[in-house]
file start.cif (mmCIF, C-alpha atoms)
data_target
loop_
_atom_site.label_atom_id
_atom_site.label_comp_id
_atom_site.auth_asym_id
_atom_site.auth_seq_id
_atom_site.Cartn_x
_atom_site.Cartn_y
_atom_site.Cartn_z
CA MET A 17 19.77 -8.42 -9.34
CA LYS A 18 22.31 -7.98 -12.11
CA ILE A 19 22.11 -5.48 -14.92
CA TYR A 20 24.12 -5.86 -18.09
CA ASP A 21 24.55 -2.45 -19.66
CA PHE A 22 27.00 0.18 -20.88
CA GLU A 23 27.18 3.30 -18.76
CA GLY A 24 26.30 6.55 -20.49
CA PHE A 25 24.17 4.97 -23.22
CA PRO A 26 20.55 6.20 -23.50
CA ASN A 27 18.59 3.06 -22.65
CA PRO A 28 20.88 2.06 -19.77
CA ALA A 29 20.40 5.61 -18.46
CA ARG A 30 16.61 5.10 -18.30
CA VAL A 31 16.99 2.07 -16.03
CA ARG A 32 19.70 3.69 -13.87
CA ILE A 33 17.45 6.72 -13.28
CA ALA A 34 14.52 4.46 -12.36
CA LEU A 35 16.74 2.50 -9.94
CA LYS A 36 17.81 5.72 -8.21
CA GLU A 37 14.22 7.00 -8.03
CA LYS A 38 13.22 3.73 -6.36
CA GLY A 39 16.20 3.61 -3.99
CA LEU A 40 17.35 0.34 -5.55
CA PHE A 41 20.59 1.41 -7.20
CA GLU A 42 22.84 -0.11 -4.52
CA ASP A 43 21.05 -3.46 -4.77
CA VAL A 44 22.24 -4.04 -8.32
CA GLU A 45 25.45 -5.54 -9.62
CA PHE A 46 26.29 -3.86 -12.92
CA ILE A 47 28.10 -5.83 -15.58
CA SER A 48 29.53 -3.78 -18.42
CA VAL A 49 28.87 -4.97 -21.97
CA ASN A 50 31.27 -3.24 -24.34
CA VAL A 51 28.79 -2.28 -27.06
CA PRO A 52 31.23 -0.10 -29.05
CA ALA A 53 33.48 -3.18 -29.30
CA GLY A 54 30.59 -5.39 -30.42
CA GLU A 55 30.31 -7.45 -27.25
CA HIS A 56 26.50 -7.25 -27.43
CA ARG A 57 26.55 -9.40 -30.58
CA LYS A 58 28.57 -12.25 -29.10
CA PRO A 59 26.83 -15.57 -28.33
CA GLU A 60 27.17 -15.20 -24.54
CA PHE A 61 25.23 -11.95 -24.60
CA LEU A 62 22.73 -13.04 -27.27
CA ALA A 63 21.79 -15.90 -24.93
CA LYS A 64 20.64 -13.20 -22.48
CA ASN A 65 19.03 -10.96 -25.08
CA PRO A 66 18.55 -12.19 -28.65
CA SER A 67 17.73 -8.59 -29.64
CA ALA A 68 21.42 -7.72 -28.97
CA ALA A 69 20.62 -4.62 -26.92
CA VAL A 70 21.44 -3.30 -23.46
CA PRO A 71 20.24 -3.09 -20.76
CA VAL A 72 19.27 -6.57 -19.57
CA LEU A 73 18.04 -7.28 -16.06
CA GLU A 74 18.91 -10.71 -14.68
CA LEU A 75 16.88 -11.91 -11.71
CA GLN A 76 18.23 -14.21 -9.02
CA ASP A 77 16.47 -17.20 -10.59
CA GLY A 78 18.30 -16.54 -13.86
CA THR A 79 15.31 -14.99 -15.71
CA THR A 80 16.53 -12.30 -18.08
CA ILE A 81 14.37 -9.27 -18.87
CA SER A 82 15.16 -6.86 -21.67
CA GLU A 83 13.23 -3.88 -23.08
CA CYS A 84 13.39 -0.81 -20.86
CA THR A 85 9.65 -0.53 -20.39
CA ALA A 86 9.48 -4.09 -19.02
CA ILE A 87 12.52 -3.55 -16.77
CA THR A 88 11.35 -0.23 -15.33
CA GLU A 89 7.85 -1.57 -14.68
CA TYR A 90 9.35 -4.54 -12.84
CA LEU A 91 11.57 -2.29 -10.72
CA ASP A 92 8.66 0.03 -9.97
CA ALA A 93 6.61 -2.87 -8.62
CA LEU A 94 9.44 -4.15 -6.39
CA THR A 95 9.27 -1.49 -3.70
CA GLY A 96 7.00 1.30 -2.51
CA GLU A 97 3.99 2.31 -4.56
CA GLN A 98 4.10 2.36 -8.33
CA GLU A 99 5.17 6.01 -8.44
CA LEU A 100 6.88 5.78 -11.81
CA THR A 101 4.39 3.72 -13.83
CA GLY A 102 1.12 4.74 -12.18
CA LYS A 103 -0.94 3.80 -9.14
CA THR A 104 -4.35 3.43 -10.86
CA PRO A 105 -5.37 1.86 -14.18
CA LYS A 106 -6.09 5.29 -15.65
CA ALA A 107 -2.79 6.77 -14.45
CA ARG A 108 -0.97 3.74 -15.85
CA ALA A 109 -2.70 4.17 -19.20
CA VAL A 110 -1.79 7.86 -19.50
CA ILE A 111 1.80 7.22 -18.40
CA GLY A 112 2.12 4.25 -20.77
CA MET A 113 0.80 6.31 -23.67
CA MET A 114 3.08 9.28 -23.01
CA GLN A 115 6.04 7.01 -22.42
CA LYS A 116 5.48 5.34 -25.78
CA ARG A 117 5.23 8.70 -27.54
CA ALA A 118 8.48 9.90 -25.99
CA GLU A 119 10.15 6.60 -26.80
CA ALA A 120 9.07 6.16 -30.41
CA GLY A 121 9.00 9.84 -31.35
CA LEU A 122 12.10 11.06 -29.56
CA LEU A 123 14.52 8.51 -28.10
CA ASP A 124 14.17 5.84 -30.78
CA ALA A 125 13.96 8.47 -33.53
CA VAL A 126 17.24 10.05 -32.37
CA GLY A 127 18.73 6.55 -32.17
CA THR A 128 17.75 5.78 -35.74
CA TYR A 129 19.22 9.11 -36.88
CA PHE A 130 22.45 8.41 -34.99
CA HIS A 131 22.88 4.84 -36.22
CA HIS A 132 21.79 5.47 -39.82
CA ALA A 133 22.61 9.04 -40.82
CA THR A 134 25.83 9.66 -38.83
CA GLU A 135 28.94 7.52 -38.28
CA GLY A 136 27.14 6.12 -35.26
CA LEU A 137 29.31 3.59 -33.45
CA GLY A 138 31.62 3.20 -36.45
CA PRO A 139 31.76 0.87 -39.45
CA ASP A 140 32.34 -2.33 -37.46
CA ILE A 141 29.03 -1.86 -35.60
CA GLU A 142 26.92 0.04 -38.16
CA THR A 143 26.97 -2.76 -40.73
CA TYR A 144 23.74 -1.57 -42.35
CA GLN A 145 22.75 2.06 -42.67
CA CYS A 146 19.83 3.75 -44.39
CA PRO A 147 20.77 7.47 -44.29
CA GLU A 148 17.51 8.68 -45.83
CA TRP A 149 15.46 7.01 -43.12
CA GLY A 150 17.86 8.33 -40.50
CA GLU A 151 17.34 11.91 -41.67
CA HIS A 152 13.58 11.38 -41.69
CA GLN A 153 13.74 10.22 -38.09
CA ARG A 154 15.78 13.28 -37.16
CA GLU A 155 12.85 15.37 -38.40
CA ARG A 156 10.48 13.19 -36.39
CA ALA A 157 12.55 13.77 -33.25
CA VAL A 158 12.31 17.55 -33.69
CA GLU A 159 8.55 17.31 -34.32
CA THR A 160 8.24 15.31 -31.12
CA MET A 161 10.13 18.01 -29.20
CA HIS A 162 7.53 20.51 -30.41
CA TYR A 163 4.74 18.13 -29.40
CA LEU A 164 6.19 17.57 -25.91
CA ASP A 165 6.61 21.33 -25.55
CA GLU A 166 2.90 21.77 -26.27
CA VAL A 167 1.97 19.10 -23.72
CA LEU A 168 4.11 20.76 -21.06
CA ALA A 169 2.38 24.11 -21.61
CA SER A 170 -0.48 22.86 -19.46
CA ARG A 171 1.05 20.38 -17.02
CA PRO A 172 4.28 20.08 -15.03
CA TYR A 173 5.18 16.55 -16.18
CA LEU A 174 4.49 14.63 -19.37
CA ALA A 175 1.78 12.44 -17.90
CA GLY A 176 0.26 15.06 -15.59
CA THR A 177 1.05 16.29 -12.11
CA ASP A 178 3.67 13.68 -11.18
CA PHE A 179 7.09 12.66 -12.45
CA SER A 180 6.92 9.28 -14.23
CA VAL A 181 8.73 6.92 -16.61
CA ALA A 182 7.46 9.12 -19.46
CA ASP A 183 9.69 11.90 -18.12
CA ILE A 184 12.62 9.53 -17.71
CA THR A 185 12.32 8.37 -21.32
CA ALA A 186 12.02 11.93 -22.65
CA ALA A 187 14.99 13.12 -20.55
CA ALA A 188 17.13 10.25 -21.85
CA GLY A 189 15.93 11.10 -25.37
CA LEU A 190 17.01 14.74 -25.02
CA SER A 191 20.45 13.72 -23.71
CA PHE A 192 20.84 11.41 -26.68
CA ALA A 193 19.71 14.25 -28.97
CA ASP A 194 22.45 16.50 -27.52
CA PHE A 195 25.02 13.79 -28.10
CA ALA A 196 23.83 13.16 -31.68
CA GLY A 197 23.65 16.87 -32.50
CA VAL A 198 19.86 17.15 -32.78
CA ASP A 199 19.18 20.55 -31.27
CA MET A 200 16.05 21.40 -29.32
CA PRO A 201 14.26 24.26 -31.14
CA GLU A 202 14.74 27.57 -29.34
CA THR A 203 10.98 28.10 -29.18
CA CYS A 204 10.49 25.04 -26.94
CA ASN A 205 10.41 27.03 -23.71
CA HIS A 206 8.12 24.70 -21.78
CA LEU A 207 10.28 21.72 -22.71
CA ALA A 208 13.45 23.59 -21.69
CA GLU A 209 11.94 24.54 -18.31
CA TRP A 210 10.73 21.02 -17.72
CA ARG A 211 14.16 19.69 -18.63
CA ALA A 212 15.94 21.93 -16.12
CA ARG A 213 13.50 20.83 -13.42
CA VAL A 214 13.80 17.13 -14.21
CA GLU A 215 17.59 17.23 -14.50
CA ALA A 216 17.78 18.79 -11.03
CA ARG A 217 16.44 15.55 -9.51
CA PRO A 218 19.13 13.54 -7.68
CA SER A 219 18.34 10.51 -9.86
CA LEU A 220 19.48 12.38 -12.95
CA GLY A 221 22.51 14.01 -11.34
CA ALA A 222 26.08 13.15 -12.23
CA MET B 28 -16.21 3.54 -23.17
CA LYS B 29 -15.81 4.54 -26.78
CA ILE B 30 -13.20 3.23 -29.17
CA TYR B 31 -12.29 5.08 -32.35
CA ASP B 32 -10.86 2.59 -34.81
CA PHE B 33 -11.15 1.03 -38.25
CA GLU B 34 -12.30 -2.56 -38.27
CA GLY B 35 -9.92 -5.05 -39.82
CA PHE B 36 -6.77 -2.99 -39.29
CA PRO B 37 -3.96 -4.62 -37.28
CA ASN B 38 -3.80 -2.38 -34.20
CA PRO B 39 -7.58 -2.13 -33.84
CA ALA B 40 -7.62 -5.93 -34.02
CA ARG B 41 -5.32 -6.14 -30.97
CA VAL B 42 -7.73 -4.15 -28.84
CA ARG B 43 -10.81 -5.96 -30.13
CA ILE B 44 -9.26 -9.32 -29.27
CA ALA B 45 -8.37 -8.08 -25.77
CA LEU B 46 -11.93 -6.79 -25.27
CA LYS B 47 -13.36 -10.20 -26.21
CA GLU B 48 -10.89 -12.02 -23.95
CA LYS B 49 -11.99 -9.80 -21.07
CA GLY B 50 -15.73 -10.05 -21.82
CA LEU B 51 -15.89 -6.29 -22.38
CA PHE B 52 -16.67 -6.14 -26.09
CA GLU B 53 -20.35 -5.35 -25.61
CA ASP B 54 -19.54 -2.45 -23.25
CA VAL B 55 -17.84 -0.45 -25.96
CA GLU B 56 -19.29 1.94 -28.51
CA PHE B 57 -17.15 1.72 -31.65
CA ILE B 58 -16.77 4.79 -33.80
CA SER B 59 -15.29 4.18 -37.23
CA VAL B 60 -12.46 6.45 -38.39
CA ASN B 61 -12.02 6.13 -42.14
CA VAL B 62 -8.25 5.81 -42.28
CA PRO B 63 -8.04 4.95 -46.00
CA ALA B 64 -9.89 8.25 -46.65
CA GLY B 65 -7.50 10.20 -44.40
CA GLU B 66 -9.99 10.89 -41.61
CA HIS B 67 -7.28 10.14 -39.01
CA ARG B 68 -5.39 13.24 -40.10
CA LYS B 69 -8.29 15.68 -39.67
CA PRO B 70 -8.24 18.14 -36.73
CA GLU B 71 -11.17 16.49 -34.92
CA PHE B 72 -9.30 13.20 -34.72
CA LEU B 73 -5.88 14.76 -34.07
CA ALA B 74 -7.43 16.37 -30.98
CA LYS B 75 -8.00 12.82 -29.70
CA ASN B 76 -4.66 11.42 -30.84
CA PRO B 77 -1.95 13.76 -32.13
CA SER B 78 -0.09 10.69 -33.41
CA ALA B 79 -2.88 10.26 -36.02
CA ALA B 80 -3.33 6.55 -35.38
CA VAL B 81 -6.16 4.21 -34.45
CA PRO B 82 -7.31 2.84 -32.08
CA VAL B 83 -8.10 5.46 -29.42
CA LEU B 84 -9.97 4.62 -26.23
CA GLU B 85 -12.12 7.41 -24.81
CA LEU B 86 -13.13 7.09 -21.17
CA GLN B 87 -16.36 8.45 -19.73
CA ASP B 88 -14.55 11.48 -18.29
CA GLY B 89 -13.25 12.35 -21.78
CA THR B 90 -9.68 11.10 -21.24
CA THR B 91 -8.31 9.69 -24.48
CA ILE B 92 -5.80 6.85 -24.46
CA SER B 93 -3.90 5.79 -27.53
CA GLU B 94 -1.09 3.26 -28.03
CA CYS B 95 -2.30 -0.34 -27.98
CA THR B 96 -0.10 -1.40 -25.08
CA ALA B 97 -1.60 1.34 -22.87
CA ILE B 98 -5.16 0.52 -23.97
CA THR B 99 -4.87 -3.23 -23.49
CA GLU B 100 -3.24 -2.81 -20.08
CA TYR B 101 -6.08 -0.53 -19.01
CA LEU B 102 -8.72 -2.98 -20.21
CA ASP B 103 -6.95 -5.87 -18.50
CA ALA B 104 -7.05 -4.03 -15.17
CA LEU B 105 -10.77 -3.22 -15.48
CA THR B 106 -12.17 -6.64 -14.77
CA GLY B 107 -11.05 -9.99 -13.41
CA GLU B 108 -7.40 -10.70 -12.78
CA GLN B 109 -4.72 -9.34 -15.08
CA GLU B 110 -4.76 -12.47 -17.22
CA LEU B 111 -3.45 -10.76 -20.35
CA THR B 112 -0.67 -8.57 -18.98
CA GLY B 113 0.46 -10.63 -16.01
CA LYS B 114 -0.52 -11.22 -12.38
CA THR B 115 2.93 -10.83 -10.78
CA PRO B 116 5.77 -8.35 -11.41
CA LYS B 117 7.90 -11.08 -12.97
CA ALA B 118 5.07 -12.33 -15.21
CA ARG B 119 4.37 -8.73 -16.26
CA ALA B 120 8.03 -8.21 -17.11
CA VAL B 121 8.26 -11.33 -19.26
CA ILE B 122 4.95 -10.54 -21.02
CA GLY B 123 5.96 -6.90 -21.55
CA MET B 124 9.29 -7.95 -23.03
CA MET B 125 7.80 -10.54 -25.38
CA GLN B 126 5.02 -8.17 -26.37
CA LYS B 127 7.56 -5.52 -27.33
CA ARG B 128 9.58 -8.00 -29.37
CA ALA B 129 6.48 -9.14 -31.27
CA GLU B 130 5.41 -5.52 -31.77
CA ALA B 131 8.70 -3.99 -32.91
CA GLY B 132 10.03 -7.03 -34.74
CA LEU B 133 6.87 -8.30 -36.40
CA LEU B 134 3.77 -6.08 -36.39
CA ASP B 135 5.52 -2.71 -36.72
CA ALA B 136 8.10 -4.15 -39.13
CA VAL B 137 5.34 -5.48 -41.41
CA GLY B 138 3.61 -2.08 -41.11
CA THR B 139 6.74 -0.26 -42.21
CA TYR B 140 7.16 -2.64 -45.13
CA PHE B 141 3.52 -2.17 -46.13
CA HIS B 142 3.53 1.63 -45.87
CA HIS B 143 6.99 2.18 -47.40
CA ALA B 144 7.76 -0.60 -49.86
CA THR B 145 4.29 -1.35 -51.29
CA GLU B 146 1.46 0.91 -52.44
CA GLY B 147 0.20 0.81 -48.87
CA LEU B 148 -2.98 2.83 -48.49
CA GLY B 149 -2.39 4.66 -51.78
CA PRO B 150 -0.67 7.91 -52.78
CA ASP B 151 -3.05 10.22 -50.87
CA ILE B 152 -2.13 8.56 -47.56
CA GLU B 153 1.45 7.42 -48.21
CA THR B 154 2.82 10.93 -48.71
CA TYR B 155 6.36 9.87 -47.74
CA GLN B 156 7.84 6.48 -48.53
CA CYS B 157 11.32 5.06 -48.00
CA PRO B 158 11.24 1.79 -49.97
CA GLU B 159 14.74 0.70 -48.95
CA TRP B 160 13.85 0.89 -45.26
CA GLY B 161 10.56 -0.85 -45.96
CA GLU B 162 12.36 -3.80 -47.56
CA HIS B 163 14.78 -3.93 -44.64
CA GLN B 164 11.85 -4.16 -42.24
CA ARG B 165 10.34 -6.97 -44.29
CA GLU B 166 13.54 -8.92 -43.64
CA ARG B 167 13.28 -8.04 -39.97
CA ALA B 168 9.71 -9.38 -39.85
CA VAL B 169 10.82 -12.72 -41.31
CA GLU B 170 13.75 -12.89 -38.86
CA THR B 171 11.28 -12.29 -36.04
CA MET B 172 9.08 -15.13 -37.27
CA HIS B 173 12.12 -17.42 -36.99
CA TYR B 174 12.83 -16.07 -33.52
CA LEU B 175 9.23 -16.58 -32.33
CA ASP B 176 9.31 -20.08 -33.80
CA GLU B 177 12.37 -20.87 -31.67
CA VAL B 178 10.70 -19.47 -28.55
CA LEU B 179 7.62 -21.62 -29.17
CA ALA B 180 9.73 -24.76 -29.44
CA SER B 181 9.87 -24.88 -25.64
CA ARG B 182 6.65 -23.22 -24.45
CA PRO B 183 3.01 -23.14 -25.53
CA TYR B 184 2.65 -19.34 -25.58
CA LEU B 185 5.12 -16.54 -26.24
CA ALA B 186 5.48 -15.50 -22.60
CA GLY B 187 5.24 -19.00 -21.10
CA THR B 188 2.41 -21.28 -20.09
CA ASP B 189 -0.45 -18.78 -20.53
CA PHE B 190 -1.97 -16.80 -23.38
CA SER B 191 -1.13 -13.09 -23.08
CA VAL B 192 -1.00 -9.77 -24.92
CA ALA B 193 2.28 -10.95 -26.44
CA ASP B 194 0.29 -13.63 -28.30
CA ILE B 195 -2.36 -11.10 -29.33
CA THR B 196 0.28 -8.78 -30.79
CA ALA B 197 2.04 -11.59 -32.64
CA ALA B 198 -1.26 -12.96 -34.01
CA ALA B 199 -2.21 -9.50 -35.30
CA GLY B 200 1.27 -9.21 -36.77
CA LEU B 201 0.92 -12.48 -38.67
CA SER B 202 -2.50 -11.46 -40.04
CA PHE B 203 -0.97 -8.19 -41.23
CA ALA B 204 1.92 -10.16 -42.75
CA ASP B 205 -0.57 -12.29 -44.71
CA PHE B 206 -2.30 -9.16 -45.96
CA ALA B 207 0.98 -7.49 -46.93
CA GLY B 208 2.32 -10.62 -48.63
CA VAL B 209 5.09 -11.41 -46.13
CA ASP B 210 5.01 -15.21 -45.98
CA MET B 211 5.80 -17.20 -42.88
CA PRO B 212 8.80 -19.46 -43.67
CA GLU B 213 7.73 -23.09 -44.17
CA THR B 214 10.19 -24.26 -41.55
CA CYS B 215 8.37 -22.33 -38.78
CA ASN B 216 6.41 -25.35 -37.56
CA HIS B 217 6.14 -24.29 -33.93
CA LEU B 218 4.89 -20.87 -34.95
CA ALA B 219 2.34 -22.41 -37.34
CA GLU B 220 1.05 -24.77 -34.62
CA TRP B 221 0.83 -21.94 -32.12
CA ARG B 222 -1.02 -19.82 -34.66
CA ALA B 223 -3.63 -22.49 -35.31
CA ARG B 224 -4.17 -22.88 -31.56
CA VAL B 225 -4.41 -19.14 -30.91
CA GLU B 226 -6.71 -18.50 -33.86
CA ALA B 227 -9.09 -21.16 -32.55
CA ARG B 228 -9.85 -18.97 -29.53
CA PRO B 229 -13.30 -17.36 -29.68
CA SER B 230 -11.71 -13.90 -29.30
CA LEU B 231 -9.90 -14.31 -32.60
CA GLY B 232 -12.80 -15.89 -34.46
CA ALA B 233 -14.72 -14.19 -37.25
#

call {"tool": "encode", "arguments": {"input": "start.cif", "output": "structure tokens"}}
result
Amino acid sequence: MKIYDFEGFPNPARVRIALKEKGLFEDVEFISVNVPAGEHRKPEFLAKNPSAAVPVLELQDGTTISECTAITEYLDALTGEQELTGKTPKARAVIGMMQKRAEAGLLDAVGTYFHHATEGLGPDIETYQCPEWGEHQRERAVETMHYLDEVLASRPYLAGTDFSVADITAAAGLSFADFAGVDMPETCNHLAEWRARVEARPSLGA
Amino acid sequence: MKIYDFEGFPNPARVRIALKEKGLFEDVEFISVNVPAGEHRKPEFLAKNPSAAVPVLELQDGTTISECTAITEYLDALTGEQELTGKTPKARAVIGMMQKRAEAGLLDAVGTYFHHATEGLGPDIETYQCPEWGEHQRERAVETMHYLDEVLASRPYLAGTDFSVADITAAAGLSFADFAGVDMPETCNHLAEWRARVEARPSLGA
């Protein structure tokens, strides 16, 4: 397997964490796509992902898969049980729901704030910005932190008793929030405790 | 199973189509949530879905599942083979990827245009609007139609040889586009042919 990504970016981080959780990290050849330099918008990369986003998983037969949820589900099915995306239809549904909430409400919301209401990746990359919408999404990200905090008041992980892709997405979202300067509210104690616990996993280590 | 939704709305339509494809439609008790009247923002409904959106699937044990992708995946696993979301890891990855592209680029983009750059559901419901972002998402929806048209030049369905949730999402997106006044470009012949074929399925019929 090959993965085209840019180390340190939020969505690449989601897939790298999933690979480490599954023990598959060493089986992947990583190919760096220089997003800050605009390499993701060049024809060679657009042929792999017309959405111009990293990461992209390339299978041995040449099939290219983008969208983190699709990539992580594929990786989860490759080996072992489906620990990250759920072993039963009901578990999968709860994990899928919580994952989507963390993605849309936190990670993507922070991304929209970063790309639209800050300098983002600079004027060569941020060719269209809508600052008002970016600020609105910053508020949404903070609201989502409060929501996740509430959820974690009654369970150890976002989808219940076990660590899942929902936790990976939320952890990547909080890292991105740090980077973009979106602070976690001080009252979010459950979220802060969860974060410390999740970040202590080897898959999230440096 | 119970489903809380509002008939005729785009996301409820996705789940209703999936239910008919799976032969499960008659097993569901539908409970109407009057979204145009703001019923989705009342505490009783927020207890079922804090994201204040329909549809919500309620299982017999009281578990509530929101987010269409999570609901349709659950339904697909309930009976038969996983015809709609994919029978193999690779098929699931391709379907998941195409579904996300149709969702983010078409259905959600049309939704953002409708709720932000038109009167949407009226001033009582549309309490915050960002018209500039709405117009930008209208452009994104049209770009996605061109992209889907290109995809369909070389395959009968969005994820390959078989009908899938990616097609359901795109079909619901095009219906929403009609409603919101976002016209399909006349040059999108492959997309128009695909649409006629998909809409002839009993699950999409009146």

call {"tool": "residues_around", "arguments": {"input": "start.cif", "residues": "Ile152 (chain B)", "least_positions_apart": "3", "cutoff": "12 Å", "atoms": "all atoms listed in the file", "output": "MDAnalysis selection string"}}
result
chainID B and resid 61:68 79 142:143 146:149 155:156

call {"tool": "resolve_selection", "arguments": {"input": "start.cif", "expression": "the PyMOL selection byres ((chain B and resi 96) around 10)", "output": "list in words"}}
result
Ala109, Gly112, Met113 and Lys116 of chain A; Asn38, Arg41, Val42, Ser93, Glu94, Cys95, Ala97, Ile98, Thr99, Glu100, Tyr101, Thr112, Gly123, Gln126, Lys127, Glu130, Val192, Ala193 and Thr196 of chain B

call {"tool": "resolve_selection", "arguments": {"input": "start.cif", "expression": "the PyMOL selection byres ((chain A and resi 187) around 12)", "output": "PyMOL selection string"}}
result
chain A and resi 26-27+29-30+33-34+115+118-119+122-123+161+164+173-174+179-186+188-194+207-208+210-217+219-221

call {"tool": "atom_distance", "arguments": {"input": "start.cif", "atom1": "CA of Val121 (chain B)", "atom2": "CA of Thr104 (chain A)"}}
result
21.2 Å

call {"tool": "atom_distance", "arguments": {"input": "start.cif", "atom1": "CA of Pro82 (chain B)", "atom2": "CA of Val55 (chain B)"}}
result
12.6 Å

call {"tool": "atom_distance", "arguments": {"input": "start.cif", "atom1": "CA of Glu162 (chain B)", "atom2": "CA of Pro212 (chain B)"}}
result
16.5 Å

call {"tool": "resolve_selection", "arguments": {"input": "start.cif", "expression": "the PyMOL selection byres ((chain A and resi 65-67) around 9)", "output": "tab-separated table (two decimals) with C-alpha atoms, in the coordinates of the input"}}
result
chain	number	residue	atom	x	y	z
A	56	HIS	CA	26.50	-7.25	-27.43
A	57	ARG	CA	26.55	-9.40	-30.58
A	59	PRO	CA	26.83	-15.57	-28.33
A	61	PHE	CA	25.23	-11.95	-24.60
A	62	LEU	CA	22.73	-13.04	-27.27
A	63	ALA	CA	21.79	-15.90	-24.93
A	64	LYS	CA	20.64	-13.20	-22.48
A	68	ALA	CA	21.42	-7.72	-28.97
A	69	ALA	CA	20.62	-4.62	-26.92
A	70	VAL	CA	21.44	-3.30	-23.46
A	72	VAL	CA	19.27	-6.57	-19.57
A	80	THR	CA	16.53	-12.30	-18.08
A	81	ILE	CA	14.37	-9.27	-18.87
A	82	SER	CA	15.16	-6.86	-21.67
B	128	ARG	CA	9.58	-8.00	-29.37
B	174	TYR	CA	12.83	-16.07	-33.52

call {"tool": "closest_residue", "arguments": {"input": "start.cif", "among": "A:His152, A:Gly197, A:Lys36, A:Ser170", "to": "chain B", "atoms": "only C-alpha atoms"}}
result
A:His152

call {"tool": "closest_residue", "arguments": {"input": "start.cif", "among": "A:Thr143, A:Thr79, A:Thr177, A:Asn205", "to": "chain B", "atoms": "all atoms listed in the file"}}
result
A:Thr79

call {"tool": "residues_around", "arguments": {"input": "start.cif", "residues": "Lys49 (chain B)", "least_positions_apart": "4", "cutoff": "9 Å", "atoms": "all atoms listed in the file", "output": "ChimeraX atom specification"}}
result
/B:44-45,102-103,105-107,110-111

call {"tool": "write_last_selection", "arguments": {"input": "start.cif", "atoms": "C-alpha atoms", "output": "PDB file, in the coordinates of the input"}}
result
ATOM      1  CA  ILE B  44      -9.260  -9.320 -29.270  1.00  0.00           C
ATOM      2  CA  ALA B  45      -8.370  -8.080 -25.770  1.00  0.00           C
ATOM      3  CA  LEU B 102      -8.720  -2.980 -20.210  1.00  0.00           C
ATOM      4  CA  ASP B 103      -6.950  -5.870 -18.500  1.00  0.00           C
ATOM      5  CA  LEU B 105     -10.770  -3.220 -15.480  1.00  0.00           C
ATOM      6  CA  THR B 106     -12.170  -6.640 -14.770  1.00  0.00           C
ATOM      7  CA  GLY B 107     -11.050  -9.990 -13.410  1.00  0.00           C
ATOM      8  CA  GLU B 110      -4.760 -12.470 -17.220  1.00  0.00           C
ATOM      9  CA  LEU B 111      -3.450 -10.760 -20.350  1.00  0.00           C
TER      10      LEU B 111
END

call {"tool": "closest_residue", "arguments": {"input": "start.cif", "among": "B:Leu46, B:Pro158, B:Glu220, B:Gly138", "to": "Pro183 (chain B)", "atoms": "all atoms listed in the file"}}
result
B:Glu220
